[in-house]
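Student: The structure that follows is given in the form of structure tokens.
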Amino acid sequence: MKKAFGLFSLLILAFSTIAQNKYAIIPKPLELTPLTGEFTIDAQTKILVPKGATEIRPLAEMLAERVVVTSGIKLLIEEADIPNTLVPANKTIVFAPYKEQVMNKILGDEDYILKADAKGVILAGATGKGEFYALQSLLQLLPPQIFSSSLEKSVKLTVPACTIFDRPRYGHRGSMLDVARHFFPVSFVKRYIDLLALHKMNRFHWHLTDDQGWRIEIKKYPKLTEVGSKRKESMKGHYNEWKFDGIPHGGFYTQEEIKEVIAYAQKKYITIIPEIEMPGHALAALASYPELACTEKSLKGGPFEVTGIWGVHDDVFCPTETTFKFLEDVLTEVIALFPSDYVHIGGDECPKTAWKQSAFCQALMKKEGLKDEHELQSYFIKHFDKFLTSKGKKIIGWDEILEGGISPNATIMSWRGVEGGIAAAQQNHDAIMTPTGFCYLDYYQSDPSTEPLAIGGYLPLEKVYSYDPTPKALTPEQAKHILGIQANLWTEYIQTPSHVEYMAYPRACAIAETGWTSAKLKNYDDFTARLKTHFERLKYLAVNYAKSYFDITASSAINDKSQVVIKLQSVDKAATIRYTVDGSEPTASSALYQPTGVVITKDGSVRAAAFSAKGEQLGKVLTKYFFINKATGRKYTLVNQPKNYTGGETYGLTNGVKGEDANSATWIGFEGKDLDATVDLGQSMTVNKVSFAFKGASDSWIMLPTEVEVSISNDGKTFTSIKKIPMAATPPKGSAVQQLGVAVDGKKARYVRVFGKNYGKLPDNHPGNGNPAWLFVDEIAIE
């Protein structure tokens with residue numbers, strides 16, 4: 001019986017693998033039933049559309065264009081009376097208007113049915129939108145060459161037989177592109193929209209204004225683009241380095257170009273949501289019209305200017321009647337352009353310094369009975385909620401608009417974790433989930449030492465895919481307020497379209513599947529099996545996708561001989577790992593990695609890469625330099641858990657890899673919490689010195705601890721303090737790493753405790769005043 005069961009399991013696994021290869025649709029459909037056989041598109045194949053279906057014919061033309069470009073086959077498109085049946089007619093691809101009695105299913109606007117057999121294909125939807133999504137699935141059932149931009153002479157256009165019934169989990173499946181930090185041309189914005197449509201995403205959030213640039217033409221206020229769309233230079237390297245490139249940067253979209261992009265997106269059933277930032281992130285507007293500020297010149301003392309410095313700036317809109325009239329005029333022109341039900345008004349990261357120093361603001365607060373500047377921001381937001389509501393629009397704001405009282409009709413975009421979305425839903429407000437730890441695609445996606453410079457953070461594909469947008473803390477009724485999920489792509493460190501694609505894909509594929517596919521059907525191994533076929537599609541589309549899925553990760557541990565062992569891992573189970581320890585580049589003939597790991601006895605580097613069965617290198621080369629000491633590979637306990645920043649692995653404090661100043665992803669970060677770590681050395685041993693480092697970067701809200709203490713113990717319960725070190729109140733300008741070492745002088749201990757006191761709330765003179773400070777620490781070394 002055991003043998004029979006084992007054989008049955010292998011057959012199931014083999015069938016599953018075949019299905020993944022044949023039906024490699026992303027996002028995964030709700031119901032897909034494989035059938036035997038396939039349909040082949042040839043010169044006799046016709047496309048049928050309903051008579052007079054002006055919305056459907058363009059879809060047929062999209063399909064015909066793909067077929068003729070890649071195969072040379074010209075498909076005839078005919079209008080016909082489409083029978084109410086799911087039995088394909090011979091040699092036809094039919095776009096069928098949905099009738100309720102088919103399959104006894106009631107289709108929503110985005111739902112569809114696809115049926116393929118040896119005779120032909122039927123795409124059935126209640127609306128053009130549903131038919132469009134059916135078309136995307138049909139294209140993904142065809143060979144990847146269907147996405148080529150040139151003739152593929154050897155390709156045979158076959159569709160594996162199947163029946164699909166599909167509908168999305170969420171109504172909002174979006175992606176944001178920031179064009180304020182770096183401007184991207186209309187041609188690329190259209191390509192960005194094309195890729196969203198391929199993945200059945202339906203919202204494009206266009207971040208059009210910020211401190212670093214105003215990108216939309218407003219006819220009533222021409223200086224917004226004459227002045228606000230240009231800056232003299234941009235930051236070079238990482239933010240903390242405070243270097244500049246000296247290269248002017250600029251660009252904006254005319255209203256005619258905006259209309260062109262909107263019309264293009266509508267053909268792909270994508271709604272564009274414009275964002276006009278207020279009351280913060282307003283320097284580009286203030287440089288154009290200084291009278292909108294609370295002061296005659298910048299709080300820095302000079303005239304207002306469009307800045308090339310990333311981050312948060314103290315100069316913000318002043319809540320005067322002049323400002324309100326200006327923004328109402330701006331929004332009136334925006335409303336006239338964008339048919340979206342929503343307008344995003346920002347509301348995030350608004351320092352209150354200017355308001356606190358403004359006699360006008362203080363008088364206004366007293367007049368309106370506002371207890372603090374947070375309520376003044378709420379007053380500001382509520383004004384524009386009322387204004388946009390009067391124009392038939394709804395507002396979306398980042399989760400800071402919850403502070404001081406949420407505006408009556410606001411939808412919250414929850415980015416600082418999931419708490420904002422939970423709070424909104426519990427107050428019966430809609431929310432869109434886009435937490436930094438799962439949805440910020442400007443974060444590193446692989447080992448930062450091998451990646452292009454990024455803002456920081458670490459967000460690999462698997463973590464993106466693991467996210468569930470509906471918080472478990474919500475009741476079923478409250479959960480209805482979670483509209484969906486969105487990827488955010490901020491572009492401080494992204495200057496080119498190619499780099500945008502590199503950061504977005506394939507992580508945007510994971511966001512798309514999370515937004516569309518039922519949570520019960522999500523499975524990372526299944527997703528990545530389909531993703532391999534999807535990579536081929538992206539290649540034919542010339543998308544510069546990241547190959548980090550194939551990259552190697554490394555972690556350290558201790559074996560039963562008390563040796564430090566480096567464990568190497570590839571997400572791709574079919575790949576083989578080869579490595580070197582002499583500093584040379586790994587090749588297909590380098591040492592083959594074994595599951596027992598690589599033993600390291602002294603400081604040095606391990607280099608590794610994944611290879612296919614044919615010897616092709618699949619991802620980048622991992623290079624890790626390990627500093628070997630008594631703590632390396634040892635487990636430890638934490639009183640408080642890190643948030644978002646984990647050093648890339650569970651035991652990042654003792655993995656033998658030191659944190660890098662310019663790379664936040666290599667540090668362990670605590671938001672508002674103390675470091676309280678106890679390392680277990682496994683047995684009592686002589687301890688001479690304990691070393692560690694803290695990172696300070698005040699502008700990024702990362703503060704040095706106020707004090708540090710090292711203690712030792714042999715039982716893990718009673719600790720003896722070795723030394724307590726008071727620290728400087730604030731780190732210097734920019735970024736700095738504070739290396740510390742505490743002499744223990746040969747005392748015996750099994751447990752070593754390192755405590756670092758978090759700075760607490762950011763001070764009043766800090767742009768993030770009142771928010772919890774971050775504490776960044778790495779690597780604990782014990783000699």
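Starting from 1 in every chain, residues are counted up; chains themselves are A, B, ... following the order of the structure tokens, and ligands are numbered from 1 as listed.
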Would you list the contacts of Phe184 of chain A as a list in words, taking every protein, DNA or RNA residue within 12 Å and counting only C-alpha atoms, but skipping same-chain residues closer than 3 positions in sequence?

Tutor: Leu177, Asp178, Val179, Ala180, Arg181, Ser187, Phe188, Val189, Lys190, Arg191, Tyr192, Trp206, His207, Leu208, Arg215, His249, Gly250, Gly251, Phe252, Tyr253, Thr491, Ile494, Gln495, Thr496, Pro497, Ser498, His499 and Val500 of chain A

Student: Tell me, as a VMD selection string, which residues lie within 12 Å of Leu86 of chain A, counting only C-alpha atoms; anything in the same chain fewer than 4 positions away does not count.

Tutor: chain A and resid 82 93 to 99 101 to 104 113 to 117 119 to 125 162 to 165

Student: Go ahead and save the residues from that selection, with N, CA, C and O atoms, as an mmCIF file, in the first residue's frame.

Tutor:
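Wrote again05.cif, looks like this:
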data_model
loop_
_atom_site.group_PDB
_atom_site.id
_atom_site.type_symbol
_atom_site.label_atom_id
_atom_site.label_comp_id
_atom_site.auth_asym_id
_atom_site.auth_seq_id
_atom_site.Cartn_x
_atom_site.Cartn_y
_atom_site.Cartn_z
ATOM 1 N N ILE A 82 -23.945 35.665 -31.941
ATOM 2 C CA ILE A 82 -23.217 34.685 -31.132
ATOM 3 C C ILE A 82 -24.210 33.821 -30.356
ATOM 4 O O ILE A 82 -25.031 34.342 -29.594
ATOM 5 N N ILE A 93 -12.401 31.704 -32.695
ATOM 6 C CA ILE A 93 -12.197 32.295 -31.372
ATOM 7 C C ILE A 93 -13.338 33.291 -31.211
ATOM 8 O O ILE A 93 -13.433 34.264 -31.964
ATOM 9 N N VAL A 94 -14.218 33.034 -30.252
ATOM 10 C CA VAL A 94 -15.460 33.795 -30.139
ATOM 11 C C VAL A 94 -15.449 34.662 -28.889
ATOM 12 O O VAL A 94 -15.199 34.173 -27.782
ATOM 13 N N PHE A 95 -15.715 35.952 -29.082
ATOM 14 C CA PHE A 95 -15.968 36.849 -27.959
ATOM 15 C C PHE A 95 -17.472 36.844 -27.734
ATOM 16 O O PHE A 95 -18.235 37.423 -28.512
ATOM 17 N N ALA A 96 -17.906 36.160 -26.676
ATOM 18 C CA ALA A 96 -19.332 35.910 -26.489
ATOM 19 C C ALA A 96 -19.916 36.811 -25.410
ATOM 20 O O ALA A 96 -19.417 36.832 -24.281
ATOM 21 N N PRO A 97 -20.969 37.554 -25.725
ATOM 22 C CA PRO A 97 -21.651 38.315 -24.672
ATOM 23 C C PRO A 97 -22.279 37.328 -23.698
ATOM 24 O O PRO A 97 -22.905 36.352 -24.093
ATOM 25 N N TYR A 98 -22.093 37.561 -22.441
ATOM 26 C CA TYR A 98 -22.522 36.591 -21.440
ATOM 27 C C TYR A 98 -24.031 36.566 -21.281
ATOM 28 O O TYR A 98 -24.689 37.591 -21.229
ATOM 29 N N LYS A 99 -24.571 35.368 -21.186
ATOM 30 C CA LYS A 99 -25.974 35.155 -20.834
ATOM 31 C C LYS A 99 -25.997 34.404 -19.497
ATOM 32 O O LYS A 99 -25.264 33.442 -19.306
ATOM 33 N N GLN A 101 -27.630 32.169 -18.006
ATOM 34 C CA GLN A 101 -27.845 30.737 -17.830
ATOM 35 C C GLN A 101 -26.605 29.903 -18.145
ATOM 36 O O GLN A 101 -26.564 28.724 -17.869
ATOM 37 N N VAL A 102 -25.581 30.506 -18.754
ATOM 38 C CA VAL A 102 -24.367 29.757 -19.058
ATOM 39 C C VAL A 102 -23.654 29.391 -17.768
ATOM 40 O O VAL A 102 -23.326 30.252 -16.957
ATOM 41 N N MET A 103 -23.435 28.102 -17.545
ATOM 42 C CA MET A 103 -22.739 27.571 -16.374
ATOM 43 C C MET A 103 -23.416 27.966 -15.060
ATOM 44 O O MET A 103 -22.846 27.825 -13.983
ATOM 45 N N ASN A 104 -24.645 28.486 -15.144
ATOM 46 C CA ASN A 104 -25.382 28.883 -13.947
ATOM 47 C C ASN A 104 -24.595 29.857 -13.072
ATOM 48 O O ASN A 104 -24.682 29.823 -11.843
ATOM 49 N N ILE A 113 -15.491 33.840 -18.385
ATOM 50 C CA ILE A 113 -15.401 32.399 -18.620
ATOM 51 C C ILE A 113 -14.591 32.205 -19.897
ATOM 52 O O ILE A 113 -14.780 32.915 -20.887
ATOM 53 N N LEU A 114 -13.662 31.259 -19.856
ATOM 54 C CA LEU A 114 -12.875 30.899 -21.041
ATOM 55 C C LEU A 114 -12.999 29.400 -21.257
ATOM 56 O O LEU A 114 -12.791 28.618 -20.320
ATOM 57 N N LYS A 115 -13.346 29.010 -22.467
ATOM 58 C CA LYS A 115 -13.452 27.585 -22.795
ATOM 59 C C LYS A 115 -12.638 27.344 -24.065
ATOM 60 O O LYS A 115 -12.824 28.011 -25.087
ATOM 61 N N ALA A 116 -11.715 26.386 -23.988
ATOM 62 C CA ALA A 116 -10.900 26.015 -25.148
ATOM 63 C C ALA A 116 -10.925 24.513 -25.320
ATOM 64 O O ALA A 116 -10.783 23.762 -24.343
ATOM 65 N N ASP A 117 -11.142 24.067 -26.574
ATOM 66 C CA ASP A 117 -11.001 22.646 -26.901
ATOM 67 C C ASP A 117 -10.380 22.551 -28.286
ATOM 68 O O ASP A 117 -9.881 23.550 -28.828
ATOM 69 N N LYS A 119 -11.620 22.352 -31.116
ATOM 70 C CA LYS A 119 -12.306 23.091 -32.178
ATOM 71 C C LYS A 119 -12.011 24.594 -32.147
ATOM 72 O O LYS A 119 -11.848 25.217 -33.192
ATOM 73 N N GLY A 120 -11.996 25.170 -30.944
ATOM 74 C CA GLY A 120 -11.825 26.608 -30.872
ATOM 75 C C GLY A 120 -11.849 27.112 -29.450
ATOM 76 O O GLY A 120 -11.703 26.354 -28.487
ATOM 77 N N VAL A 121 -12.052 28.420 -29.322
ATOM 78 C CA VAL A 121 -12.005 29.094 -28.019
ATOM 79 C C VAL A 121 -13.211 30.019 -27.899
ATOM 80 O O VAL A 121 -13.598 30.687 -28.868
ATOM 81 N N ILE A 122 -13.800 30.057 -26.701
ATOM 82 C CA ILE A 122 -14.852 31.028 -26.392
ATOM 83 C C ILE A 122 -14.404 31.865 -25.201
ATOM 84 O O ILE A 122 -13.946 31.334 -24.186
ATOM 85 N N LEU A 123 -14.527 33.189 -25.336
ATOM 86 C CA LEU A 123 -14.259 34.128 -24.260
ATOM 87 C C LEU A 123 -15.582 34.787 -23.910
ATOM 88 O O LEU A 123 -16.162 35.497 -24.735
ATOM 89 N N ALA A 124 -16.076 34.559 -22.705
ATOM 90 C CA ALA A 124 -17.398 35.061 -22.336
ATOM 91 C C ALA A 124 -17.289 36.003 -21.153
ATOM 92 O O ALA A 124 -16.657 35.689 -20.143
ATOM 93 N N GLY A 125 -17.918 37.177 -21.281
ATOM 94 C CA GLY A 125 -17.932 38.143 -20.198
ATOM 95 C C GLY A 125 -19.200 38.971 -20.244
ATOM 96 O O GLY A 125 -19.793 39.158 -21.309
ATOM 97 N N CYS A 162 -9.096 23.674 -21.887
ATOM 98 C CA CYS A 162 -9.432 23.907 -20.481
ATOM 99 C C CYS A 162 -10.736 24.692 -20.393
ATOM 100 O O CYS A 162 -11.220 25.241 -21.394
ATOM 101 N N THR A 163 -11.275 24.724 -19.205
ATOM 102 C CA THR A 163 -12.398 25.616 -18.889
ATOM 103 C C THR A 163 -11.999 26.459 -17.696
ATOM 104 O O THR A 163 -11.518 25.927 -16.690
ATOM 105 N N ILE A 164 -12.182 27.776 -17.811
ATOM 106 C CA ILE A 164 -11.825 28.698 -16.729
ATOM 107 C C ILE A 164 -13.055 29.520 -16.344
ATOM 108 O O ILE A 164 -13.749 30.042 -17.220
ATOM 109 N N PHE A 165 -13.309 29.592 -15.057
ATOM 110 C CA PHE A 165 -14.226 30.598 -14.525
ATOM 111 C C PHE A 165 -13.416 31.440 -13.552
ATOM 112 O O PHE A 165 -12.769 30.910 -12.644
#

Student: Met201 of chain A: which residues within 8 Å, counting only C-alpha atoms, same-chain residues fewer than 5 positions away excluded, as a tab-separated table (two decimals) with N, CA and C atoms, in the first residue's frame?

Tutor:
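Contents of part-v1.tsv, as written:
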chain	number	residue	atom	x	y	z
A	172	HIS	N	-9.85	46.88	-6.09
A	172	HIS	CA	-8.72	47.80	-6.32
A	172	HIS	C	-7.44	46.99	-6.38
A	173	ARG	N	-6.87	46.93	-7.57
A	173	ARG	CA	-5.61	46.21	-7.79
A	173	ARG	C	-4.69	47.20	-8.50
A	174	GLY	N	-3.87	47.89	-7.72
A	174	GLY	CA	-3.20	49.05	-8.29
A	174	GLY	C	-1.70	49.05	-8.19
A	175	SER	N	-1.14	50.04	-8.86
A	175	SER	CA	0.30	50.31	-8.78
A	175	SER	C	0.52	51.81	-8.92
A	196	LEU	N	0.66	46.60	-16.44
A	196	LEU	CA	-0.39	46.44	-15.42
A	196	LEU	C	-1.57	45.67	-16.00
A	270	ILE	N	-8.07	50.39	-17.33
A	270	ILE	CA	-7.33	50.87	-16.16
A	270	ILE	C	-7.78	52.29	-15.84
A	512	ALA	N	-0.05	41.53	-8.12
A	512	ALA	CA	-1.21	41.28	-8.98
A	512	ALA	C	-1.95	40.02	-8.55

Student: What's around segment 147-157 of chain A at 6 Å? Count only C-alpha atoms, leave out sequence neighbours fewer than 2 positions away in its own chain, and write the answer as JSON, numbers by chain.

Tutor: {"A": [40, 41, 69, 70, 71, 145, 540, 541]}

Student: For the selection just defined, write its residues with all heavy atoms to a file, as a PDB file, in the first residue's frame.

Tutor:
ATOM      1  N   THR A  40      -5.300  24.793 -32.194  1.00  0.00           N
ATOM      2  CA  THR A  40      -4.203  25.412 -32.933  1.00  0.00           C
ATOM      3  C   THR A  40      -4.744  26.535 -33.809  1.00  0.00           C
ATOM      4  O   THR A  40      -5.676  26.338 -34.596  1.00  0.00           O
ATOM      5  CB  THR A  40      -3.483  24.372 -33.819  1.00  0.00           C
ATOM      6  OG1 THR A  40      -2.965  23.332 -32.990  1.00  0.00           O
ATOM      7  CG2 THR A  40      -2.334  25.027 -34.590  1.00  0.00           C
ATOM      8  N   ILE A  41      -4.157  27.711 -33.655  1.00  0.00           N
ATOM      9  CA  ILE A  41      -4.518  28.859 -34.492  1.00  0.00           C
ATOM     10  C   ILE A  41      -3.762  28.764 -35.811  1.00  0.00           C
ATOM     11  O   ILE A  41      -2.527  28.634 -35.823  1.00  0.00           O
ATOM     12  CB  ILE A  41      -4.175  30.184 -33.777  1.00  0.00           C
ATOM     13  CG1 ILE A  41      -5.002  30.323 -32.492  1.00  0.00           C
ATOM     14  CG2 ILE A  41      -4.408  31.376 -34.691  1.00  0.00           C
ATOM     15  CD1 ILE A  41      -4.643  31.543 -31.658  1.00  0.00           C
ATOM     16  N   VAL A  69       1.766  39.652 -35.878  1.00  0.00           N
ATOM     17  CA  VAL A  69       3.137  40.105 -35.607  1.00  0.00           C
ATOM     18  C   VAL A  69       4.051  38.929 -35.323  1.00  0.00           C
ATOM     19  O   VAL A  69       5.190  38.877 -35.798  1.00  0.00           O
ATOM     20  CB  VAL A  69       3.152  41.104 -34.419  1.00  0.00           C
ATOM     21  CG1 VAL A  69       4.574  41.333 -33.917  1.00  0.00           C
ATOM     22  CG2 VAL A  69       2.524  42.422 -34.831  1.00  0.00           C
ATOM     23  N   THR A  70       3.551  37.966 -34.556  1.00  0.00           N
ATOM     24  CA  THR A  70       4.428  36.880 -34.114  1.00  0.00           C
ATOM     25  C   THR A  70       4.449  35.675 -35.048  1.00  0.00           C
ATOM     26  O   THR A  70       5.428  34.941 -35.084  1.00  0.00           O
ATOM     27  CB  THR A  70       4.016  36.409 -32.705  1.00  0.00           C
ATOM     28  OG1 THR A  70       2.639  36.009 -32.725  1.00  0.00           O
ATOM     29  CG2 THR A  70       4.186  37.516 -31.705  1.00  0.00           C
ATOM     30  N   SER A  71       3.352  35.466 -35.813  1.00  0.00           N
ATOM     31  CA  SER A  71       3.289  34.275 -36.673  1.00  0.00           C
ATOM     32  C   SER A  71       3.120  34.593 -38.150  1.00  0.00           C
ATOM     33  O   SER A  71       3.325  33.719 -39.001  1.00  0.00           O
ATOM     34  CB  SER A  71       2.137  33.371 -36.227  1.00  0.00           C
ATOM     35  OG  SER A  71       0.889  33.978 -36.540  1.00  0.00           O
ATOM     36  N   GLN A 145       5.973  33.269 -27.076  1.00  0.00           N
ATOM     37  CA  GLN A 145       6.344  34.036 -28.268  1.00  0.00           C
ATOM     38  C   GLN A 145       5.229  34.957 -28.752  1.00  0.00           C
ATOM     39  O   GLN A 145       5.480  35.868 -29.546  1.00  0.00           O
ATOM     40  CB  GLN A 145       6.739  33.084 -29.410  1.00  0.00           C
ATOM     41  CG  GLN A 145       8.044  32.351 -29.184  1.00  0.00           C
ATOM     42  CD  GLN A 145       7.847  31.011 -28.512  1.00  0.00           C
ATOM     43  OE1 GLN A 145       6.920  30.833 -27.712  1.00  0.00           O
ATOM     44  NE2 GLN A 145       8.710  30.048 -28.821  1.00  0.00           N
ATOM     45  N   TYR A 540      10.202  38.344 -24.036  1.00  0.00           N
ATOM     46  CA  TYR A 540       9.711  38.725 -25.363  1.00  0.00           C
ATOM     47  C   TYR A 540       9.158  40.150 -25.370  1.00  0.00           C
ATOM     48  O   TYR A 540       9.192  40.829 -26.401  1.00  0.00           O
ATOM     49  CB  TYR A 540       8.647  37.731 -25.843  1.00  0.00           C
ATOM     50  CG  TYR A 540       9.245  36.459 -26.379  1.00  0.00           C
ATOM     51  CD1 TYR A 540       9.131  35.262 -25.677  1.00  0.00           C
ATOM     52  CD2 TYR A 540       9.947  36.440 -27.589  1.00  0.00           C
ATOM     53  CE1 TYR A 540       9.689  34.088 -26.159  1.00  0.00           C
ATOM     54  CE2 TYR A 540      10.512  35.274 -28.076  1.00  0.00           C
ATOM     55  CZ  TYR A 540      10.381  34.100 -27.364  1.00  0.00           C
ATOM     56  OH  TYR A 540      10.938  32.945 -27.842  1.00  0.00           O
ATOM     57  N   LEU A 541       8.674  40.597 -24.217  1.00  0.00           N
ATOM     58  CA  LEU A 541       8.189  41.980 -24.103  1.00  0.00           C
ATOM     59  C   LEU A 541       9.326  42.964 -23.846  1.00  0.00           C
ATOM     60  O   LEU A 541       9.091  44.169 -23.715  1.00  0.00           O
ATOM     61  CB  LEU A 541       7.171  42.078 -22.969  1.00  0.00           C
ATOM     62  CG  LEU A 541       5.790  41.468 -23.251  1.00  0.00           C
ATOM     63  CD1 LEU A 541       5.001  41.304 -21.959  1.00  0.00           C
ATOM     64  CD2 LEU A 541       5.014  42.318 -24.245  1.00  0.00           C
TER      65      LEU A 541
END

Student: Could you find all residues in segment 351-526 of chain A that DSSP calls strand (DSSP E or B) from the backbone, and write them as a VMD selection string?

Tutor: chain A and resid 394 to 398 411 to 414 431 to 433 440 444 458 482 to 489

Student: Can you tell me how far atom CA of Gly246 of chain A sits from atom CA of His182 of chain A, in Å to one decimal?

Tutor: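 Distance between the two atoms: 14.8 Å.
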
Student: At what distance in Å, to one decimal, does atom CA of Gly770 of chain A lie from atom CA of Val316 of chain A?

Tutor: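 If I compute the distance from atom CA of Val316 of chain A to atom CA of Gly770 of chain A, I get 17.6 Å.
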
Student: What does the structure give for the distance between atom CA of His344 of chain A and atom CA of Asp399 of chain A, in Å to one decimal?

Tutor: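 Atom CA of Asp399 of chain A lies 11.8 Å from atom CA of His344 of chain A.
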
Student: Extract, using only C-alpha atoms, all DNA, RNA and protein residues at most 7 Å from segment 435-446 of chain A, discarding same-chain residues fewer than 2 positions from it, and format them as JSON, numbers by chain.

Tutor: {"A": [414, 415, 416, 417, 418, 433, 448, 451, 454, 455, 456, 457, 458, 459, 460, 461, 463, 464, 467, 486, 487, 488, 489, 490, 503, 504, 548, 644]}

Student: Can you write just those residues out, N, CA and C atoms, as a CSV table (one decimal), in the first residue's frame?

Tutor:
chain,number,residue,atom,x,y,z
A,414,SER,N,-3.2,52.8,3.4
A,414,SER,CA,-2.4,52.4,4.6
A,414,SER,C,-1.0,52.0,4.2
A,415,TRP,N,0.0,52.9,4.5
A,415,TRP,CA,1.4,52.6,4.1
A,415,TRP,C,2.3,52.4,5.3
A,416,ARG,N,2.0,53.0,6.4
A,416,ARG,CA,2.9,52.8,7.6
A,416,ARG,C,2.6,51.5,8.3
A,417,GLY,N,2.6,50.4,7.7
A,417,GLY,CA,2.1,49.2,8.2
A,417,GLY,C,0.6,49.0,7.9
A,418,VAL,N,-0.1,48.1,8.7
A,418,VAL,CA,-1.5,47.8,8.4
A,418,VAL,C,-2.4,48.6,9.4
A,433,MET,N,-4.7,48.8,1.0
A,433,MET,CA,-3.5,48.3,1.8
A,433,MET,C,-2.3,48.4,0.9
A,448,PRO,N,21.7,43.5,-1.0
A,448,PRO,CA,22.0,44.8,-1.5
A,448,PRO,C,23.4,45.0,-2.1
A,451,GLU,N,22.9,44.6,-5.7
A,451,GLU,CA,21.8,45.3,-6.3
A,451,GLU,C,22.1,46.8,-6.7
A,454,ALA,N,19.4,51.5,-3.7
A,454,ALA,CA,18.0,51.7,-3.4
A,454,ALA,C,17.8,52.5,-2.1
A,455,ILE,N,16.6,52.9,-1.8
A,455,ILE,CA,16.4,53.7,-0.6
A,455,ILE,C,16.7,53.0,0.7
A,456,GLY,N,16.6,51.6,0.6
A,456,GLY,CA,16.8,50.8,1.8
A,456,GLY,C,15.8,49.7,1.9
A,457,GLY,N,15.6,49.1,3.1
A,457,GLY,CA,14.6,48.1,3.2
A,457,GLY,C,15.0,46.8,2.5
A,458,TYR,N,14.3,45.8,2.7
A,458,TYR,CA,14.6,44.5,2.1
A,458,TYR,C,13.2,43.8,1.8
A,459,LEU,N,12.9,43.6,0.6
A,459,LEU,CA,11.6,43.1,0.3
A,459,LEU,C,11.7,42.1,-0.9
A,460,PRO,N,12.1,40.8,-0.6
A,460,PRO,CA,12.2,39.8,-1.6
A,460,PRO,C,10.8,39.4,-2.1
A,461,LEU,N,10.8,38.7,-3.2
A,461,LEU,CA,9.6,38.3,-3.9
A,461,LEU,C,8.7,37.5,-3.0
A,463,LYS,N,8.4,37.5,0.2
A,463,LYS,CA,7.7,38.3,1.2
A,463,LYS,C,6.5,39.1,0.6
A,464,VAL,N,6.7,39.6,-0.6
A,464,VAL,CA,5.7,40.3,-1.3
A,464,VAL,C,4.5,39.4,-1.5
A,467,TYR,N,1.8,38.3,1.5
A,467,TYR,CA,0.9,39.3,2.2
A,467,TYR,C,-0.5,39.0,1.9
A,486,GLN,N,-2.2,47.7,-3.3
A,486,GLN,CA,-1.5,48.5,-4.3
A,486,GLN,C,0.0,48.4,-4.1
A,487,ALA,N,0.8,48.4,-5.2
A,487,ALA,CA,2.2,48.5,-5.2
A,487,ALA,C,2.6,49.9,-5.3
A,488,ASN,N,3.6,50.3,-4.5
A,488,ASN,CA,4.1,51.7,-4.6
A,488,ASN,C,5.6,51.7,-5.1
A,489,LEU,N,5.8,52.6,-6.1
A,489,LEU,CA,7.2,52.6,-6.6
A,489,LEU,C,7.7,54.1,-6.6
A,490,TRP,N,8.4,54.4,-5.5
A,490,TRP,CA,8.9,55.8,-5.4
A,490,TRP,C,10.3,55.8,-6.1
A,503,MET,N,12.9,47.2,-10.8
A,503,MET,CA,12.4,47.2,-9.4
A,503,MET,C,10.9,46.7,-9.4
A,504,ALA,N,10.1,46.9,-10.4
A,504,ALA,CA,8.7,46.4,-10.4
A,504,ALA,C,8.5,45.0,-10.6
A,548,SER,N,16.3,38.2,-9.5
A,548,SER,CA,16.7,37.9,-8.1
A,548,SER,C,16.0,36.7,-7.5
A,644,ASN,N,10.3,45.4,10.1
A,644,ASN,CA,10.7,45.6,8.7
A,644,ASN,C,12.2,45.3,8.4

Student: What lies within 7 Å of Ile309 of chain A using only C-alpha atoms, ignoring chain neighbours under 2 positions off, as a list in words?

Tutor: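 Counting only the stated atoms, we get Ser234, Met235, Thr307 and Gly311 of chain A.
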
Student: Write the residues of the preceding selection, restricted to C-alpha atoms, as a PDB file, in the first residue's frame.

Tutor:
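Everything below was put into out.pdb:
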ATOM      1  CA  SER A 234      19.549  65.794  -7.610  1.00  0.00           C
ATOM      2  CA  MET A 235      21.124  63.850  -4.797  1.00  0.00           C
ATOM      3  CA  THR A 307      14.637  70.757  -4.152  1.00  0.00           C
ATOM      4  CA  GLY A 311      13.098  63.164   2.269  1.00  0.00           C
TER       5      GLY A 311
END

Student: Tell me which protein, DNA and RNA residues are within 12 Å of Val334 of chain A, counting only C-alpha atoms, leaving out same-chain ones fewer than 4 positions away, and put them as a PyMOL selection string.

Tutor: chain A and resi 208+216-220+254-255+258-259+272-276+327-330+338-345+388+391+393

Student: When DSSP works through the backbone of this structure, what residues of segment 443-678 of chain A end up as helix (DSSP H, G or I), shown as number ranges by chain?

Tutor: A: 448-450, 461-466, 476-479, 497-504, 507-516, 519-521, 524-540, 548-550, 652-654, 664-666

Student: Go through A:Met62, A:Met365, A:Ala425, A:Val742 one by one, measure the shortest atom-to-atom distance of each to Lys267 of chain A using only C-alpha atoms, and give the residue with the smallest value.

Tutor: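 Closest candidate: A:Met62.
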
Student: Counting only C-alpha atoms, which residue out of A:Tyr636, A:Phe324, A:Phe535, A:Phe611 sits closest to Ile552 of chain A?

Tutor: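 For Ile552 of chain A, the nearest of the given residues is A:Phe611.
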
Student: I'd like to know which of A:Thr389, A:Asn663, A:Gln212, A:Ser562 is closest to Val312 of chain A, using only C-alpha atoms.

Tutor: A:Gln212
